[in-house]
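Structure data follow from run-v3.json (JSON, C-alpha atoms):
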[["chain", "number", "residue", "atom", "x", "y", "z"],
["A", 286, "MET", "CA", -9.11, 3.25, 19.44],
["A", 287, "ALA", "CA", -9.06, 3.31, 15.66],
["A", 288, "THR", "CA", -9.19, 0.22, 13.44],
["A", 289, "HIS", "CA", -6.89, -0.06, 10.44],
["A", 290, "VAL", "CA", -6.33, -2.56, 7.63],
["A", 291, "ILE", "CA", -2.82, -2.54, 6.14],
["A", 292, "THR", "CA", -1.41, -4.37, 3.16],
["A", 293, "GLY", "CA", 2.33, -4.88, 2.80],
["A", 294, "ALA", "CA", 2.99, -4.98, 6.55],
["A", 295, "GLY", "CA", 5.61, -7.70, 6.20],
["A", 296, "SER", "CA", 8.43, -5.25, 5.46],
["A", 297, "GLY", "CA", 9.38, -1.69, 4.65],
["A", 298, "ILE", "CA", 6.85, 1.12, 5.01],
["A", 299, "GLY", "CA", 3.97, -1.18, 5.92],
["A", 300, "ALA", "CA", 5.92, -2.78, 8.76],
["A", 301, "ALA", "CA", 7.04, 0.61, 10.10],
["A", 302, "LEU", "CA", 3.45, 1.86, 10.04],
["A", 303, "ALA", "CA", 2.16, -1.27, 11.78],
["A", 304, "ARG", "CA", 4.68, -0.83, 14.58],
["A", 305, "GLU", "CA", 3.65, 2.79, 15.14],
["A", 306, "LEU", "CA", -0.07, 2.03, 15.18],
["A", 307, "LEU", "CA", 0.31, -0.93, 17.52],
["A", 308, "ALA", "CA", 2.49, 1.09, 19.89],
["A", 309, "ARG", "CA", -0.27, 3.64, 20.36],
["A", 310, "GLY", "CA", -2.96, 1.02, 20.91],
["A", 311, "ASP", "CA", -4.86, 0.99, 17.63],
["A", 312, "GLU", "CA", -6.51, -2.20, 16.37],
["A", 313, "LEU", "CA", -4.68, -3.66, 13.38],
["A", 314, "TRP", "CA", -5.80, -6.06, 10.69],
["A", 315, "LEU", "CA", -2.83, -7.03, 8.52],
["A", 316, "TRP", "CA", -3.34, -8.43, 5.05],
["A", 317, "ALA", "CA", -1.42, -11.64, 4.29],
["A", 318, "ARG", "CA", -1.05, -13.56, 1.05],
["A", 319, "ASP", "CA", -1.57, -16.96, 2.69],
["A", 320, "ALA", "CA", -2.12, -18.66, 6.06],
["A", 321, "GLY", "CA", 1.60, -19.14, 6.68],
["A", 322, "ARG", "CA", 2.32, -15.48, 6.16],
["A", 323, "ALA", "CA", -0.62, -14.58, 8.38],
["A", 324, "LYS", "CA", 0.84, -16.66, 11.20],
["A", 325, "GLU", "CA", 4.21, -14.92, 10.80],
["A", 326, "LEU", "CA", 2.56, -11.49, 10.96],
["A", 327, "ARG", "CA", 0.58, -12.32, 14.09],
["A", 328, "GLU", "CA", 3.74, -13.56, 15.80],
["A", 329, "ARG", "CA", 5.72, -10.51, 14.72],
["A", 330, "PHE", "CA", 3.03, -7.94, 15.57],
["A", 331, "GLU", "CA", 1.58, -9.12, 18.84],
["A", 332, "GLY", "CA", -2.09, -8.24, 19.15],
["A", 333, "ALA", "CA", -2.67, -7.73, 15.44],
["A", 334, "ARG", "CA", -5.27, -9.73, 13.53],
["A", 335, "THR", "CA", -4.94, -10.90, 9.96],
["A", 336, "LEU", "CA", -6.94, -11.27, 6.78],
["A", 337, "VAL", "CA", -5.79, -13.61, 4.01],
["A", 338, "GLY", "CA", -5.92, -13.21, 0.25],
["A", 339, "ASP", "CA", -3.40, -13.19, -2.58],
["A", 340, "LEU", "CA", -3.11, -9.69, -4.02],
["A", 341, "ALA", "CA", -1.53, -11.22, -7.11],
["A", 342, "GLU", "CA", -4.97, -12.68, -7.87],
["A", 343, "PRO", "CA", -7.39, -9.81, -7.30],
["A", 344, "GLU", "CA", -10.23, -11.68, -8.96],
["A", 345, "ARG", "CA", -10.21, -14.10, -6.00],
["A", 346, "LEU", "CA", -10.22, -11.50, -3.22],
["A", 347, "SER", "CA", -14.01, -11.36, -3.00],
["A", 348, "TRP", "CA", -14.18, -15.11, -2.47],
["A", 349, "ALA", "CA", -11.36, -14.99, 0.09],
["A", 350, "LEU", "CA", -12.91, -12.18, 2.09],
["A", 351, "GLY", "CA", -16.30, -13.86, 1.96],
["A", 352, "HIS", "CA", -14.87, -16.76, 3.99],
["A", 353, "GLN", "CA", -13.50, -14.48, 6.73],
["A", 354, "ALA", "CA", -14.85, -11.97, 9.23],
["A", 355, "PRO", "CA", -13.34, -8.53, 8.61],
["A", 356, "PRO", "CA", -13.93, -5.71, 11.12],
["A", 357, "ASP", "CA", -17.35, -4.05, 11.20],
["A", 358, "ARG", "CA", -15.83, -0.60, 10.79],
["A", 359, "ILE", "CA", -12.53, 0.58, 9.33],
["A", 360, "ASP", "CA", -11.01, 3.95, 10.17],
["A", 361, "GLY", "CA", -8.02, 3.52, 7.89],
["A", 362, "LEU", "CA", -7.28, 1.32, 4.88],
["A", 363, "VAL", "CA", -3.63, 1.69, 3.90],
["A", 364, "HIS", "CA", -2.31, 0.16, 0.69],
["A", 365, "CYS", "CA", 1.44, -0.39, 1.12],
["A", 366, "ALA", "CA", 1.91, -3.63, -0.84],
["A", 367, "GLY", "CA", 3.42, -3.56, -4.30],
["A", 368, "VAL", "CA", 5.78, -5.20, -6.77],
["A", 369, "VAL", "CA", 8.36, -3.81, -9.16],
["A", 370, "GLU", "CA", 9.91, -5.13, -12.37],
["A", 371, "LEU", "CA", 12.25, -2.93, -14.40],
["A", 372, "ALA", "CA", 12.69, -3.48, -18.13],
["A", 373, "GLU", "CA", 12.42, -1.58, -21.38],
["A", 374, "ILE", "CA", 9.01, -1.59, -23.05],
["A", 375, "GLY", "CA", 10.45, -3.69, -25.85],
["A", 376, "GLU", "CA", 11.31, -6.41, -23.32],
["A", 377, "LEU", "CA", 8.12, -6.44, -21.23],
["A", 378, "THR", "CA", 5.85, -9.40, -21.86],
["A", 379, "PRO", "CA", 2.08, -9.47, -21.23],
["A", 380, "LYS", "CA", 2.72, -11.73, -18.25],
["A", 381, "VAL", "CA", 4.89, -9.09, -16.57],
["A", 382, "TRP", "CA", 2.41, -6.33, -17.38],
["A", 383, "GLN", "CA", -0.44, -8.35, -15.95],
["A", 384, "SER", "CA", 1.39, -9.27, -12.75],
["A", 385, "VAL", "CA", 2.50, -5.69, -12.04],
["A", 386, "LEU", "CA", -0.89, -4.17, -12.80],
["A", 387, "ALA", "CA", -2.70, -6.87, -10.80],
["A", 388, "ALA", "CA", -0.70, -6.30, -7.63],
["A", 389, "ASN", "CA", -0.21, -2.54, -7.85],
["A", 390, "LEU", "CA", -3.53, -1.36, -9.28],
["A", 391, "VAL", "CA", -6.28, -3.94, -9.62],
["A", 392, "ALA", "CA", -5.81, -5.45, -6.15],
["A", 393, "PRO", "CA", -5.97, -2.08, -4.34],
["A", 394, "ALA", "CA", -9.06, -1.18, -6.36],
["A", 395, "GLU", "CA", -10.79, -4.47, -5.55],
["A", 396, "LEU", "CA", -9.84, -4.50, -1.88],
["A", 397, "THR", "CA", -11.09, -0.94, -1.52],
["A", 398, "ARG", "CA", -14.35, -1.88, -3.20],
["A", 399, "LEU", "CA", -14.86, -4.81, -0.87],
["A", 400, "LEU", "CA", -14.16, -2.79, 2.28],
["A", 401, "LEU", "CA", -16.03, 0.39, 1.34],
["A", 402, "PRO", "CA", -19.08, -0.47, 3.50],
["A", 403, "GLN", "CA", -16.90, -0.58, 6.64],
["A", 404, "LEU", "CA", -15.06, 2.59, 5.61],
["A", 405, "ARG", "CA", -18.37, 4.40, 5.12],
["A", 406, "VAL", "CA", -19.59, 3.37, 8.57],
["A", 407, "ALA", "CA", -16.48, 4.89, 10.18],
["A", 408, "LYS", "CA", -16.16, 7.78, 7.71],
["A", 409, "GLY", "CA", -12.65, 6.45, 7.38],
["A", 410, "ARG", "CA", -9.69, 7.18, 5.17],
["A", 411, "VAL", "CA", -8.03, 5.31, 2.35],
["A", 412, "VAL", "CA", -4.31, 5.93, 1.94],
["A", 413, "PHE", "CA", -2.55, 4.78, -1.20],
["A", 414, "VAL", "CA", 1.24, 4.58, -0.81],
["A", 415, "ASN", "CA", 2.16, 5.39, -4.38],
["A", 416, "SER", "CA", 5.63, 6.39, -5.65],
["A", 417, "GLY", "CA", 7.49, 9.16, -7.40],
["A", 418, "ALA", "CA", 6.94, 6.93, -10.43],
["A", 419, "GLY", "CA", 3.24, 7.76, -10.11],
["A", 420, "LEU", "CA", 4.09, 11.33, -11.12],
["A", 421, "SER", "CA", 6.66, 10.78, -13.88],
["A", 422, "ALA", "CA", 8.02, 7.79, -15.79],
["A", 423, "ASN", "CA", 11.67, 7.09, -16.52],
["A", 424, "PRO", "CA", 13.22, 4.59, -18.95],
["A", 425, "ARG", "CA", 12.82, 0.95, -17.84],
["A", 426, "TRP", "CA", 10.13, 1.94, -15.33],
["A", 427, "GLY", "CA", 7.24, 1.68, -17.81],
["A", 428, "ALA", "CA", 5.20, -1.11, -16.22],
["A", 429, "TYR", "CA", 5.69, 0.06, -12.65],
["A", 430, "ALA", "CA", 5.04, 3.71, -13.51],
["A", 431, "ALA", "CA", 1.93, 2.81, -15.50],
["A", 432, "SER", "CA", 0.55, 0.92, -12.51],
["A", 433, "LYS", "CA", 1.29, 3.85, -10.20],
["A", 434, "HIS", "CA", -0.15, 6.44, -12.58],
["A", 435, "GLY", "CA", -3.26, 4.27, -12.63],
["A", 436, "LEU", "CA", -3.26, 4.17, -8.83],
["A", 437, "ARG", "CA", -3.21, 7.96, -8.76],
["A", 438, "ALA", "CA", -6.24, 8.05, -11.06],
["A", 439, "LEU", "CA", -7.99, 5.49, -8.89],
["A", 440, "ALA", "CA", -7.44, 7.64, -5.80],
["A", 441, "ASP", "CA", -8.67, 10.81, -7.51],
["A", 442, "ALA", "CA", -11.83, 9.13, -8.79],
["A", 443, "LEU", "CA", -12.53, 7.45, -5.45],
["A", 444, "ARG", "CA", -12.12, 10.75, -3.59],
["A", 445, "GLY", "CA", -14.81, 12.40, -5.68],
["A", 446, "GLU", "CA", -17.15, 9.44, -5.49],
["A", 447, "GLU", "CA", -16.91, 8.93, -1.73],
["A", 448, "ARG", "CA", -16.83, 12.54, -0.54],
["A", 449, "ALA", "CA", -20.57, 12.49, 0.17],
["A", 450, "ASN", "CA", -20.08, 9.35, 2.27],
["A", 451, "GLY", "CA", -17.43, 10.99, 4.43],
["A", 452, "VAL", "CA", -14.59, 8.76, 3.21],
["A", 453, "GLY", "CA", -11.28, 10.58, 2.75],
["A", 454, "VAL", "CA", -8.63, 9.57, 0.24],
["A", 455, "THR", "CA", -4.93, 10.44, 0.34],
["A", 456, "THR", "CA", -2.10, 9.51, -2.00],
["A", 457, "VAL", "CA", 1.45, 9.52, -0.62],
["A", 458, "TYR", "CA", 4.28, 9.70, -3.15],
["A", 459, "PRO", "CA", 7.54, 8.58, -1.48],
["A", 460, "GLY", "CA", 10.89, 9.00, -3.13],
["A", 461, "ARG", "CA", 13.50, 6.29, -2.76],
["A", 462, "THR", "CA", 13.15, 4.56, 0.59],
["A", 463, "ALA", "CA", 15.42, 2.02, 2.27],
["A", 464, "THR", "CA", 13.26, -1.08, 1.86],
["A", 465, "PRO", "CA", 13.68, -4.59, 0.44],
["A", 466, "MET", "CA", 11.98, -3.34, -2.74],
["A", 467, "GLN", "CA", 14.65, -0.66, -3.09],
["A", 468, "ARG", "CA", 17.34, -3.31, -2.74],
["A", 469, "LYS", "CA", 15.69, -5.21, -5.61],
["A", 470, "VAL", "CA", 15.49, -2.04, -7.71],
["A", 471, "HIS", "CA", 19.19, -1.42, -7.27],
["A", 472, "ARG", "CA", 19.94, -4.98, -8.25],
["A", 473, "GLN", "CA", 17.85, -4.59, -11.41],
["A", 474, "GLU", "CA", 19.57, -1.27, -12.13],
["A", 475, "GLY", "CA", 22.97, -2.90, -11.67],
["A", 476, "ARG", "CA", 23.94, -0.50, -8.88],
["A", 477, "ASP", "CA", 25.31, -0.97, -5.38],
["A", 478, "TYR", "CA", 22.71, -0.49, -2.66],
["A", 479, "ASP", "CA", 23.47, 1.84, 0.23],
["A", 480, "PRO", "CA", 20.39, 2.24, 2.47],
["A", 481, "GLU", "CA", 21.97, 5.25, 4.19],
["A", 482, "ARG", "CA", 21.38, 7.29, 1.02],
["A", 483, "TRP", "CA", 17.62, 6.95, 1.20],
["A", 484, "MET", "CA", 14.73, 7.75, 3.53],
["A", 485, "SER", "CA", 13.87, 5.34, 6.29],
["A", 486, "PRO", "CA", 10.51, 3.52, 6.15],
["A", 487, "GLU", "CA", 9.69, 5.24, 9.44],
["A", 488, "SER", "CA", 9.88, 8.64, 7.75],
["A", 489, "VAL", "CA", 7.29, 7.63, 5.16],
["A", 490, "ALA", "CA", 5.15, 5.96, 7.84],
["A", 491, "ALA", "CA", 5.08, 9.30, 9.70],
["A", 492, "THR", "CA", 3.65, 10.89, 6.56],
["A", 493, "VAL", "CA", 0.95, 8.23, 6.34],
["A", 494, "LEU", "CA", 0.11, 8.81, 10.01],
["A", 495, "LEU", "CA", -0.35, 12.50, 9.28],
["A", 496, "ALA", "CA", -3.01, 11.64, 6.72],
["A", 497, "LEU", "CA", -4.73, 9.12, 8.99],
["A", 498, "ASP", "CA", -4.81, 11.42, 12.01],
["A", 499, "LEU", "CA", -6.20, 14.59, 10.47],
["A", 500, "PRO", "CA", -9.49, 15.76, 11.98],
["A", 501, "ARG", "CA", -12.44, 14.67, 9.87],
["A", 502, "ASP", "CA", -13.14, 18.23, 8.75],
["A", 503, "ALA", "CA", -9.87, 18.24, 6.79],
["A", 504, "GLU", "CA", -8.30, 16.09, 4.10],
["A", 505, "VAL", "CA", -4.84, 15.93, 2.58],
["A", 506, "THR", "CA", -5.23, 14.73, -0.99],
["A", 507, "ASP", "CA", -1.60, 14.36, -2.11],
["A", 508, "LEU", "CA", 1.67, 14.24, -0.16],
["A", 509, "GLN", "CA", 5.17, 14.04, -1.66],
["A", 510, "VAL", "CA", 8.04, 13.02, 0.59],
["A", 511, "ARG", "CA", 11.65, 12.87, -0.64],
["A", 512, "PRO", "CA", 15.08, 12.00, 0.76],
["A", 513, "VAL", "CA", 17.16, 14.96, 1.90],
["A", 514, "GLY", "CA", 20.34, 15.48, -0.09]]

Output the structure of this file as structure tokens.
Amino acid sequence: MATHVITGAGSGIGAALARELLARGDELWLWARDAGRAKELRERFEGARTLVGDLAEPERLSWALGHQAPPDRIDGLVHCAGVVELAEIGELTPKVWQSVLAANLVAPAELTRLLLPQLRVAKGRVVFVNSGAGLSANPRWGAYAASKHGLRALADALRGEERANGVGVTTVYPGRTATPMQRKVHRQEGRDYDPERWMSPESVAATVLLALDLPRDAEVTDLQVRPVG
């Protein structure tokens, strides 16, 4: 039985992945922003445990984790949580930049740092659920794309640093996926949202599972997955 920590399990790709891992009997630790959210996650995903800390405030994650008892070993750390705000560069304020970078880049970096000892024990894997915006940036996507380009760099650096410790690192780059975030994106773009046009969260979760389940003598570094059509 493998042990996994997942952020962003409340909806979308993270929720789909949590369901798959629970169904096969793995031990899950779901990251929650506060105690109320943690209670909701435990009720929704029976048998899962929770850890609490606000990813919007990465500088406080060390303190939060220090008052809890995370697992002794971690086979998979999957970063699914993220935020998006679309606007032209000329409209983006420092507050927006800081909030997007904190949640999408600094928090994954800090949480990975804090859990590296447990990942090293298990020779586990870190999976960053990135975005097509981590490969190219379009107008109005500046802040989000910058955070995801940074996340790609984080993954590449971590992979080289932790190879000797047996820790694998994979980045998954999904295209548009039918999630609550996608609904928000369409609203910000001023377009009607039709989830049938996009990939299901389960399809992306299957890609993450591929990375998690590879034998330890192999590593997938980068995976792109796109909607058909």

Considering all atoms listed in the file, return as a PyMOL selection string whatever protein or nucleic-acid residues lie within 12 Å of A:Ser432, sequence-local ones (same chain, fewer than 4 positions apart) excluded.
chain A and resi 367-370+381-394+415-422+426-428+436-439

Identify, on the basis of all atoms listed in the file, every residue whose closest approach to stretch 498-507 of chain A does not exceed 9 Å; exclude the query and any residue fewer than 5 positions from it along the same chain; express the result as a tab-separated table (two decimals) with C-alpha atoms, keeping the file's coordinate frame.
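What ended up in around_2.tsv:
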chain	number	residue	atom	x	y	z
A	408	LYS	CA	-16.16	7.78	7.71
A	409	GLY	CA	-12.65	6.45	7.38
A	440	ALA	CA	-7.44	7.64	-5.80
A	441	ASP	CA	-8.67	10.81	-7.51
A	444	ARG	CA	-12.12	10.75	-3.59
A	451	GLY	CA	-17.43	10.99	4.43
A	453	GLY	CA	-11.28	10.58	2.75
A	454	VAL	CA	-8.63	9.57	0.24
A	455	THR	CA	-4.93	10.44	0.34
A	456	THR	CA	-2.10	9.51	-2.00
A	457	VAL	CA	1.45	9.52	-0.62
A	458	TYR	CA	4.28	9.70	-3.15
A	493	VAL	CA	0.95	8.23	6.34

Centre and edge lengths, as AutoDock Vina command-line options, for the axis-aligned box enclosing every listed atom of stretch 397-407 of chain A with 3 Å of padding on each of the six sides, in Å to one decimal?
--center_x -15.3 --center_y 0.0 --center_z 3.5 --size_x 14.5 --size_y 15.7 --size_z 19.4

What's the separation between atom CA of A:Lys469 and atom CA of A:Ala349, in Å to one decimal place?
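Interatomic distance here is 29.3 Å.
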
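Among the candidates A:Trp483, A:Tyr478, A:Phe330, A:Trp348, the one nearest to A:Leu307 when counting only C-alpha atoms is A:Phe330.
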
Counting all atoms listed in the file, which of A:Ala490, A:Ala354, A:Ala341, A:Ala303 gets nearest to A:Arg329?
A:Ala303

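Distance annotation: of A:Pro402, A:Gly475, A:Pro424, A:Glu395, the residue with the minimal separation from A:Gly375 is A:Pro424; atom set is all atoms listed in the file.
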
Just to confirm, what's the straight-line distance from atom CA of A:Thr288 to atom CA of A:Leu400 in Å (one decimal)?
12.6 Å

Report the distance between atom CA of A:Gln509 and atom CA of A:Leu371 in Å, rounded to one decimal place.
22.4 Å

Of the residues A:Gly332, A:Arg468, A:Gln473, A:Lys324, which is the one nearest to A:Glu373, using only C-alpha atoms?
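Of A:Gly332, A:Arg468, A:Gln473, A:Lys324, the one nearest A:Glu373 is A:Gln473, counting only C-alpha atoms.
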